[in-house]
Amino acid sequence: MRVDVSSARGPYPVVVEPGALARAAAEIEAAAPDATARVIVTDENVDAHHGEALRERLRPSGVVVLPPGEEGKTFRAVEGLLDRLVEHGLDRRGVVVAAGGGVVTDLAGFAAAIHLRGVRSVLLPTSLLAMVDAAIGGKTGVDTPRGKNLVGAFWPPRLVLSDPALLGSLPRREWIGGLAEVVKTALIADASLFEELEATSVDALRADPRAAAGTVARCARAKAELCSRDERDDGERQLLNLGHTIGHALEAATGFRGLSHGEAVAVGLVTEARLAERLGLAADGLAARIAALCRRLELPVRGPAVEVAHVRSFLRADKKREGRALRFALPVAVGHVERVDVADEAAIDLALAEAVAESA
C-alpha cells in the first residue's frame, strides 16, 4: 500500500509493504535527493534487532541510540539528541531517520522540527503501534511532569516507510499494546475490521504475517486520510483522540510506568465508552462489547489502583480542555465516533472510578 498524506509543507507518502526495509535507501533518496547527511535515531531494543541492517543499507553519517521506554521522552533526551545531531554534522540539508516505535518517532521528529529551525525527517516505524498510528500525521512531542505530549510541533516527515515483516521481532506485550490502536481505528472508521478482530486472537494475528500486513495497511490508510483532511487537528482528526484523553491521564498519573501506551489506550477506550453510555450518547452494551474485545486481545480494561483526584489533575492540564469543558472523542457505535465537550465532572469522575478499580 502506498498513500500520500497532504500537508502544508507538501504531500508525503506512507508506504506499507513487507520487505520494504530492503529498499529504504532508495526510498529515502527519492524523498530527499539532495541530502548532505543521514543520522539514524533509534533505541537500544531496535538497534539490537535491526541496527546492523540499518547501518548496512543506509550508510548513515552517524547513529544515535536512545534508551527505550516512555520515561525517556523528555526535554533532557531531546537536548542530548540535538547535541549528537550537531556532532554528526547534520546541517539544514540533512535528514533525521527515526527507526523505532512511537517514542522514537515522536522524540526524533520533535528534534528534527527544532534542529536548525527545522530539518527533514524520515520515519521507519518498527512497532505495530507506530505503524498504524504514531508515525503518521506529523505530530511530534515530548512528555513533561504535567502530562503526556504537552510540548511538541506539527512537523510532517518526508516519508513513512513501514515494513510489517519487522513485527516478527516484537515482544508479545508490544504486539498486544499496538492492537489497542487497531481497535481504536476500527471503532472510528472500520466496523468490519472490528468484527474481524472479534473473531481472531493475538496468536492468530502474530502467526499470519499477511493478515498482519493487511491490518497495518487498513489502519494506516484510515489515519492518512483523516490527517490529509485535517493536518492541524482542528476538526475531524480529533476523532483519533478516542481512548487517549483518559489513557494519557492514566499514563501520566502512574509516572509512565506500569501501563504501556497501548494498554492505557485500551483502558481509555472502555472507560470513554462507559462515559458515552452515561451521557446518553451510546446505547447500553457498547462498553461491554469493547471490553470483551480488549480482553480477547489480552488488553487491560482497567488500570492500576490510583486516586481519581490524581488522574483528574492530569485531565485538567489536557491540551484539549477549553474552560470547564474537556473535549472527548466518544464512541456512539462501532464505526461511529463523535467529538463531545463534556463539562459534567461528576460523570467523568464516575468513569475514572471504574477505570482505576482494582479488579476487572
# chains A, B, ... in the order shown; residues from 1 in each chain; ligands from 1
>>> residues_around(residues="Gly177 in chain A", least_positions_apart="6", cutoff="7 Å", atoms="only C-alpha atoms", output="mmCIF file with N, CA and C atoms, in the first residue's frame")
data_model
loop_
_atom_site.group_PDB
_atom_site.id
_atom_site.type_symbol
_atom_site.label_atom_id
_atom_site.label_comp_id
_atom_site.auth_asym_id
_atom_site.auth_seq_id
_atom_site.Cartn_x
_atom_site.Cartn_y
_atom_site.Cartn_z
ATOM 1 N N SER A 260 1.786 0.435 29.571
ATOM 2 C CA SER A 260 2.330 0.924 28.306
ATOM 3 C C SER A 260 1.303 1.858 27.676
ATOM 4 N N GLY A 262 -0.188 1.626 24.750
ATOM 5 C CA GLY A 262 -1.302 0.864 24.194
ATOM 6 C C GLY A 262 -2.235 0.345 25.270
ATOM 7 N N GLU A 263 -1.675 -0.122 26.379
ATOM 8 C CA GLU A 263 -2.504 -0.618 27.480
ATOM 9 C C GLU A 263 -3.356 0.505 28.060
#
>>> residues_around(residues="Pro18 in chain A", least_positions_apart="6", cutoff="6 Å", atoms="only C-alpha atoms", output="ChimeraX atom specification")
/A:163-165
>>> write_last_selection(atoms="N, CA and C atoms", output="short mmCIF file (atom, residue, chain, number, x, y, z; two decimals), in the first residue's frame")
data_model
loop_
_atom_site.label_atom_id
_atom_site.label_comp_id
_atom_site.auth_asym_id
_atom_site.auth_seq_id
_atom_site.Cartn_x
_atom_site.Cartn_y
_atom_site.Cartn_z
N ASP A 163 7.60 -1.56 7.31
CA ASP A 163 7.86 -2.93 6.86
C ASP A 163 7.25 -3.88 7.90
N PRO A 164 6.04 -4.40 7.64
CA PRO A 164 5.41 -5.28 8.63
C PRO A 164 6.20 -6.54 8.94
N ALA A 165 7.17 -6.90 8.09
CA ALA A 165 8.00 -8.06 8.39
C ALA A 165 8.80 -7.86 9.67
#
>>> residues_around(residues="Arg218 in chain A", least_positions_apart="5", cutoff="9 Å", atoms="only C-alpha atoms", output="JSON, numbers by chain")
{"A": [1, 132, 190, 193, 213, 223]}
>>> select_by_dssp(residues="range 83-138 of chain A", states="strand (DSSP E or B)", output="list in words")
Val95, Val96, Val97, Ala98, Ala99, Gly100, Arg120, Ser121, Val122, Leu123, Leu124 and Pro125 of chain A
>>> residues_around(residues="Ile28 in chain A", least_positions_apart="6", cutoff="10 Å", atoms="only C-alpha atoms", output="ChimeraX atom specification")
/A:35,38,58,95,97,121-123,158-161
>>> write_last_selection(atoms="C-alpha atoms", output="PDB file, in the first residue's frame")
ATOM      1  CA  ALA A  35      20.553  15.172   1.493  1.00  0.00           C
ATOM      2  CA  ARG A  38      21.684  10.980   7.289  1.00  0.00           C
ATOM      3  CA  LEU A  58      21.571   3.331   4.815  1.00  0.00           C
ATOM      4  CA  VAL A  95      17.840  14.081   7.205  1.00  0.00           C
ATOM      5  CA  VAL A  97      15.951   8.922  10.067  1.00  0.00           C
ATOM      6  CA  SER A 121      12.835  13.607   8.762  1.00  0.00           C
ATOM      7  CA  VAL A 122      12.052  10.106   7.527  1.00  0.00           C
ATOM      8  CA  LEU A 123      10.233   7.647   9.768  1.00  0.00           C
ATOM      9  CA  ARG A 158       9.201  13.386   4.035  1.00  0.00           C
ATOM     10  CA  LEU A 159       8.440   9.661   4.099  1.00  0.00           C
ATOM     11  CA  VAL A 160       6.918   6.987   6.337  1.00  0.00           C
ATOM     12  CA  LEU A 161       8.183   3.530   5.386  1.00  0.00           C
TER      13      LEU A 161
END
>>> closest_residue(among="A:Val5, A:Ala207, A:Val265, A:Val104", to="Glu181 in chain A", atoms="only C-alpha atoms")
A:Val265
>>> residues_around(residues="Ser228 in chain A", least_positions_apart="4", cutoff="7 Å", atoms="only C-alpha atoms", output="mmCIF file with C-alpha atoms, in the first residue's frame")
data_model
loop_
_atom_site.group_PDB
_atom_site.id
_atom_site.type_symbol
_atom_site.label_atom_id
_atom_site.label_comp_id
_atom_site.auth_asym_id
_atom_site.auth_seq_id
_atom_site.Cartn_x
_atom_site.Cartn_y
_atom_site.Cartn_z
ATOM 1 C CA VAL A 5 -0.735 12.444 3.085
ATOM 2 C CA SER A 6 -1.435 16.116 2.408
ATOM 3 C CA SER A 7 0.377 18.717 4.484
ATOM 4 C CA ALA A 224 -3.610 9.073 6.486
#
>>> select_by_dssp(residues="range 121-233 of chain A", states="helix (DSSP H, G or I)", output="CSV table (one decimal) with N, CA and C atoms, in the first residue's frame")
chain,number,residue,atom,x,y,z
A,128,LEU,N,4.1,-2.2,16.0
A,128,LEU,CA,2.7,-2.1,15.4
A,128,LEU,C,2.0,-0.8,15.7
A,129,LEU,N,2.2,-0.3,17.0
A,129,LEU,CA,1.6,0.9,17.4
A,129,LEU,C,2.1,2.1,16.5
A,130,ALA,N,3.4,2.1,16.2
A,130,ALA,CA,3.9,3.2,15.4
A,130,ALA,C,3.4,3.1,13.9
A,131,MET,N,3.4,1.8,13.4
A,131,MET,CA,3.0,1.7,12.0
A,131,MET,C,1.5,2.1,11.8
A,132,VAL,N,0.6,1.8,12.7
A,132,VAL,CA,-0.8,2.1,12.5
A,132,VAL,C,-1.2,3.5,13.0
A,133,ASP,N,-0.3,4.1,13.8
A,133,ASP,CA,-0.7,5.4,14.4
A,133,ASP,C,0.4,6.4,14.5
A,134,ALA,N,1.4,6.2,15.4
A,134,ALA,CA,2.3,7.2,15.8
A,134,ALA,C,3.1,7.9,14.7
A,164,PRO,N,6.0,-4.4,7.6
A,164,PRO,CA,5.4,-5.3,8.6
A,164,PRO,C,6.2,-6.5,8.9
A,165,ALA,N,7.2,-6.9,8.1
A,165,ALA,CA,8.0,-8.1,8.4
A,165,ALA,C,8.8,-7.9,9.7
A,166,LEU,N,9.0,-6.6,10.1
A,166,LEU,CA,9.8,-6.3,11.3
A,166,LEU,C,9.0,-6.7,12.5
A,167,LEU,N,7.7,-6.8,12.4
A,167,LEU,CA,6.9,-7.1,13.6
A,167,LEU,C,7.2,-8.4,14.2
A,168,GLY,N,7.8,-9.3,13.4
A,168,GLY,CA,8.2,-10.6,14.0
A,168,GLY,C,9.1,-10.6,15.1
A,169,SER,N,9.9,-9.5,15.3
A,169,SER,CA,10.8,-9.4,16.4
A,169,SER,C,10.2,-8.7,17.6
A,172,ARG,N,5.9,-10.0,22.8
A,172,ARG,CA,4.4,-10.2,22.8
A,172,ARG,C,3.7,-9.0,23.4
A,173,ARG,N,4.2,-8.4,24.5
A,173,ARG,CA,3.5,-7.3,25.1
A,173,ARG,C,3.4,-6.1,24.2
A,174,GLU,N,4.4,-5.8,23.4
A,174,GLU,CA,4.4,-4.7,22.5
A,174,GLU,C,3.4,-5.0,21.3
A,175,TRP,N,3.3,-6.2,20.9
A,175,TRP,CA,2.4,-6.5,19.9
A,175,TRP,C,0.9,-6.3,20.4
A,176,ILE,N,0.7,-6.7,21.6
A,176,ILE,CA,-0.6,-6.6,22.2
A,176,ILE,C,-1.0,-5.1,22.4
A,177,GLY,N,0.0,-4.3,22.9
A,177,GLY,CA,-0.2,-2.9,23.0
A,177,GLY,C,-0.6,-2.2,21.7
A,178,GLY,N,0.0,-2.6,20.7
A,178,GLY,CA,-0.3,-2.0,19.4
A,178,GLY,C,-1.7,-2.3,18.9
A,179,LEU,N,-2.2,-3.4,19.4
A,179,LEU,CA,-3.6,-3.7,19.0
A,179,LEU,C,-4.6,-2.8,19.5
A,180,ALA,N,-4.3,-2.1,20.6
A,180,ALA,CA,-5.2,-1.1,21.1
A,180,ALA,C,-5.5,0.0,20.1
A,181,GLU,N,-4.4,0.4,19.4
A,181,GLU,CA,-4.6,1.4,18.3
A,181,GLU,C,-5.4,0.9,17.1
A,182,VAL,N,-5.2,-0.4,16.9
A,182,VAL,CA,-6.0,-1.0,15.8
A,182,VAL,C,-7.5,-1.0,16.2
A,183,VAL,N,-7.8,-1.4,17.4
A,183,VAL,CA,-9.2,-1.3,17.9
A,183,VAL,C,-9.7,0.1,17.8
A,184,LYS,N,-8.9,1.1,18.2
A,184,LYS,CA,-9.4,2.5,18.1
A,184,LYS,C,-9.7,2.8,16.7
A,185,THR,N,-8.9,2.5,15.8
A,185,THR,CA,-9.1,2.8,14.4
A,185,THR,C,-10.4,2.1,13.9
A,186,ALA,N,-10.6,0.9,14.2
A,186,ALA,CA,-11.8,0.2,13.8
A,186,ALA,C,-13.0,0.8,14.4
A,187,LEU,N,-13.0,1.3,15.6
A,187,LEU,CA,-14.1,2.0,16.2
A,187,LEU,C,-14.5,3.3,15.5
A,188,ILE,N,-13.4,3.9,15.0
A,188,ILE,CA,-13.6,5.2,14.3
A,188,ILE,C,-14.1,5.0,12.9
A,189,ALA,N,-13.4,4.1,12.1
A,189,ALA,CA,-13.6,4.2,10.7
A,189,ALA,C,-13.7,2.8,10.0
A,191,ALA,N,-15.9,-0.6,10.8
A,191,ALA,CA,-16.7,-1.5,11.6
A,191,ALA,C,-16.4,-3.0,11.2
A,192,SER,N,-16.1,-3.2,9.9
A,192,SER,CA,-15.8,-4.6,9.5
A,192,SER,C,-14.5,-5.1,10.2
A,193,LEU,N,-13.5,-4.2,10.3
A,193,LEU,CA,-12.3,-4.7,11.0
A,193,LEU,C,-12.6,-5.0,12.5
A,194,PHE,N,-13.4,-4.2,13.1
A,194,PHE,CA,-13.8,-4.5,14.5
A,194,PHE,C,-14.4,-5.9,14.6
A,195,GLU,N,-15.3,-6.2,13.7
A,195,GLU,CA,-15.9,-7.6,13.7
A,195,GLU,C,-14.9,-8.7,13.4
A,196,GLU,N,-14.0,-8.4,12.5
A,196,GLU,CA,-12.9,-9.4,12.3
A,196,GLU,C,-12.1,-9.6,13.5
A,197,LEU,N,-11.8,-8.6,14.2
A,197,LEU,CA,-11.0,-8.7,15.4
A,197,LEU,C,-11.7,-9.5,16.5
A,198,GLU,N,-13.0,-9.4,16.5
A,198,GLU,CA,-13.8,-10.1,17.5
A,198,GLU,C,-13.8,-11.6,17.2
A,202,VAL,N,-4.7,-12.9,19.5
A,202,VAL,CA,-3.4,-12.4,19.4
A,202,VAL,C,-2.5,-13.4,18.6
A,203,ASP,N,-2.6,-14.7,19.0
A,203,ASP,CA,-1.7,-15.7,18.4
A,203,ASP,C,-2.0,-15.9,16.9
A,204,ALA,N,-3.3,-15.8,16.6
A,204,ALA,CA,-3.6,-15.9,15.2
A,204,ALA,C,-3.1,-14.8,14.3
A,205,LEU,N,-3.2,-13.6,14.9
A,205,LEU,CA,-2.6,-12.4,14.1
A,205,LEU,C,-1.1,-12.5,14.0
A,206,ARG,N,-0.5,-12.9,15.1
A,206,ARG,CA,1.0,-12.9,15.0
A,206,ARG,C,1.5,-14.0,14.1
A,207,ALA,N,0.7,-15.1,14.0
A,207,ALA,CA,1.1,-16.2,13.2
A,207,ALA,C,0.8,-16.0,11.7
A,209,PRO,N,1.5,-13.4,8.9
A,209,PRO,CA,2.2,-12.1,8.5
A,209,PRO,C,1.3,-11.3,7.5
A,210,ARG,N,0.7,-12.1,6.6
A,210,ARG,CA,-0.1,-11.4,5.5
A,210,ARG,C,-1.3,-10.7,6.1
A,211,ALA,N,-2.0,-11.3,7.1
A,211,ALA,CA,-3.1,-10.7,7.8
A,211,ALA,C,-2.6,-9.5,8.6
A,212,ALA,N,-1.5,-9.6,9.2
A,212,ALA,CA,-0.9,-8.5,10.0
A,212,ALA,C,-0.6,-7.3,9.1
A,213,ALA,N,0.0,-7.6,7.9
A,213,ALA,CA,0.3,-6.5,7.0
A,213,ALA,C,-1.0,-5.9,6.5
A,214,GLY,N,-2.0,-6.7,6.2
A,214,GLY,CA,-3.3,-6.1,5.8
A,214,GLY,C,-3.9,-5.2,6.8
A,215,THR,N,-3.8,-5.6,8.1
A,215,THR,CA,-4.4,-4.8,9.1
A,215,THR,C,-3.6,-3.5,9.3
A,216,VAL,N,-2.3,-3.5,9.2
A,216,VAL,CA,-1.5,-2.3,9.3
A,216,VAL,C,-1.9,-1.4,8.1
A,217,ALA,N,-2.0,-1.9,6.9
A,217,ALA,CA,-2.4,-1.1,5.8
A,217,ALA,C,-3.7,-0.4,5.9
A,218,ARG,N,-4.7,-1.2,6.4
A,218,ARG,CA,-6.1,-0.6,6.6
A,218,ARG,C,-6.0,0.6,7.6
A,219,CYS,N,-5.3,0.3,8.7
A,219,CYS,CA,-5.3,1.4,9.7
A,219,CYS,C,-4.5,2.6,9.3
A,220,ALA,N,-3.4,2.3,8.6
A,220,ALA,CA,-2.5,3.4,8.1
A,220,ALA,C,-3.3,4.3,7.1
A,221,ARG,N,-4.0,3.6,6.2
A,221,ARG,CA,-4.8,4.4,5.2
A,221,ARG,C,-5.9,5.2,5.9
A,222,ALA,N,-6.5,4.7,6.9
A,222,ALA,CA,-7.6,5.4,7.6
A,222,ALA,C,-7.0,6.7,8.2
A,223,LYS,N,-5.9,6.5,8.9
A,223,LYS,CA,-5.3,7.7,9.6
A,223,LYS,C,-4.8,8.7,8.6
A,224,ALA,N,-4.1,8.2,7.5
A,224,ALA,CA,-3.6,9.1,6.5
A,224,ALA,C,-4.7,9.9,5.9
A,225,GLU,N,-5.9,9.3,5.6
A,225,GLU,CA,-7.0,10.1,5.1
A,225,GLU,C,-7.5,11.2,6.0
A,226,LEU,N,-7.6,10.8,7.3
A,226,LEU,CA,-8.1,11.8,8.3
A,226,LEU,C,-7.1,12.9,8.4
A,227,CYS,N,-5.8,12.6,8.4
A,227,CYS,CA,-4.8,13.7,8.6
A,227,CYS,C,-4.7,14.5,7.4
A,228,SER,N,-4.9,14.0,6.2
A,228,SER,CA,-4.9,14.8,5.0
A,228,SER,C,-6.0,15.8,5.0
A,229,ARG,N,-7.1,15.5,5.6
A,229,ARG,CA,-8.3,16.4,5.6
A,229,ARG,C,-8.1,17.4,6.8
>>> closest_residue(among="A:Lys148, A:Leu54, A:Val39, A:Gly118", to="Leu81 in chain A", atoms="only C-alpha atoms")
A:Val39
>>> residues_around(residues="Ala317 in chain A", least_positions_apart="5", cutoff="12 Å", atoms="only C-alpha atoms", output="PDB file with C-alpha atoms, in the first residue's frame")
ATOM      1  CA  THR A 144       6.507  16.785  30.898  1.00  0.00           C
ATOM      2  CA  PRO A 145       5.795  16.206  34.590  1.00  0.00           C
ATOM      3  CA  ARG A 146       2.397  17.841  33.954  1.00  0.00           C
ATOM      4  CA  GLY A 147       1.302  15.364  31.320  1.00  0.00           C
ATOM      5  CA  LYS A 148       1.877  13.496  28.080  1.00  0.00           C
ATOM      6  CA  ASN A 149       2.774  15.243  24.825  1.00  0.00           C
ATOM      7  CA  LEU A 150       2.123  18.699  26.257  1.00  0.00           C
ATOM      8  CA  VAL A 151       5.023  20.118  24.217  1.00  0.00           C
ATOM      9  CA  THR A 245      -7.860  11.550  26.789  1.00  0.00           C
ATOM     10  CA  ILE A 246      -8.263   9.195  29.720  1.00  0.00           C
ATOM     11  CA  HIS A 248      -2.910   9.775  28.584  1.00  0.00           C
ATOM     12  CA  ALA A 249      -4.076  10.887  32.031  1.00  0.00           C
ATOM     13  CA  ALA A 252       0.885  10.422  33.490  1.00  0.00           C
ATOM     14  CA  ALA A 253      -0.761   9.588  36.817  1.00  0.00           C
ATOM     15  CA  HIS A 310      -4.715  12.378  40.899  1.00  0.00           C
ATOM     16  CA  VAL A 311      -5.886  11.252  37.462  1.00  0.00           C
ATOM     17  CA  ARG A 312      -8.256  14.241  37.277  1.00  0.00           C
ATOM     18  CA  GLU A 322     -11.464  24.687  26.939  1.00  0.00           C
ATOM     19  CA  GLY A 323     -12.670  26.421  30.086  1.00  0.00           C
ATOM     20  CA  ARG A 324     -14.578  23.924  32.229  1.00  0.00           C
ATOM     21  CA  ALA A 325     -15.247  21.566  29.335  1.00  0.00           C
ATOM     22  CA  LEU A 326     -12.959  18.803  28.179  1.00  0.00           C
TER      23      LEU A 326
END
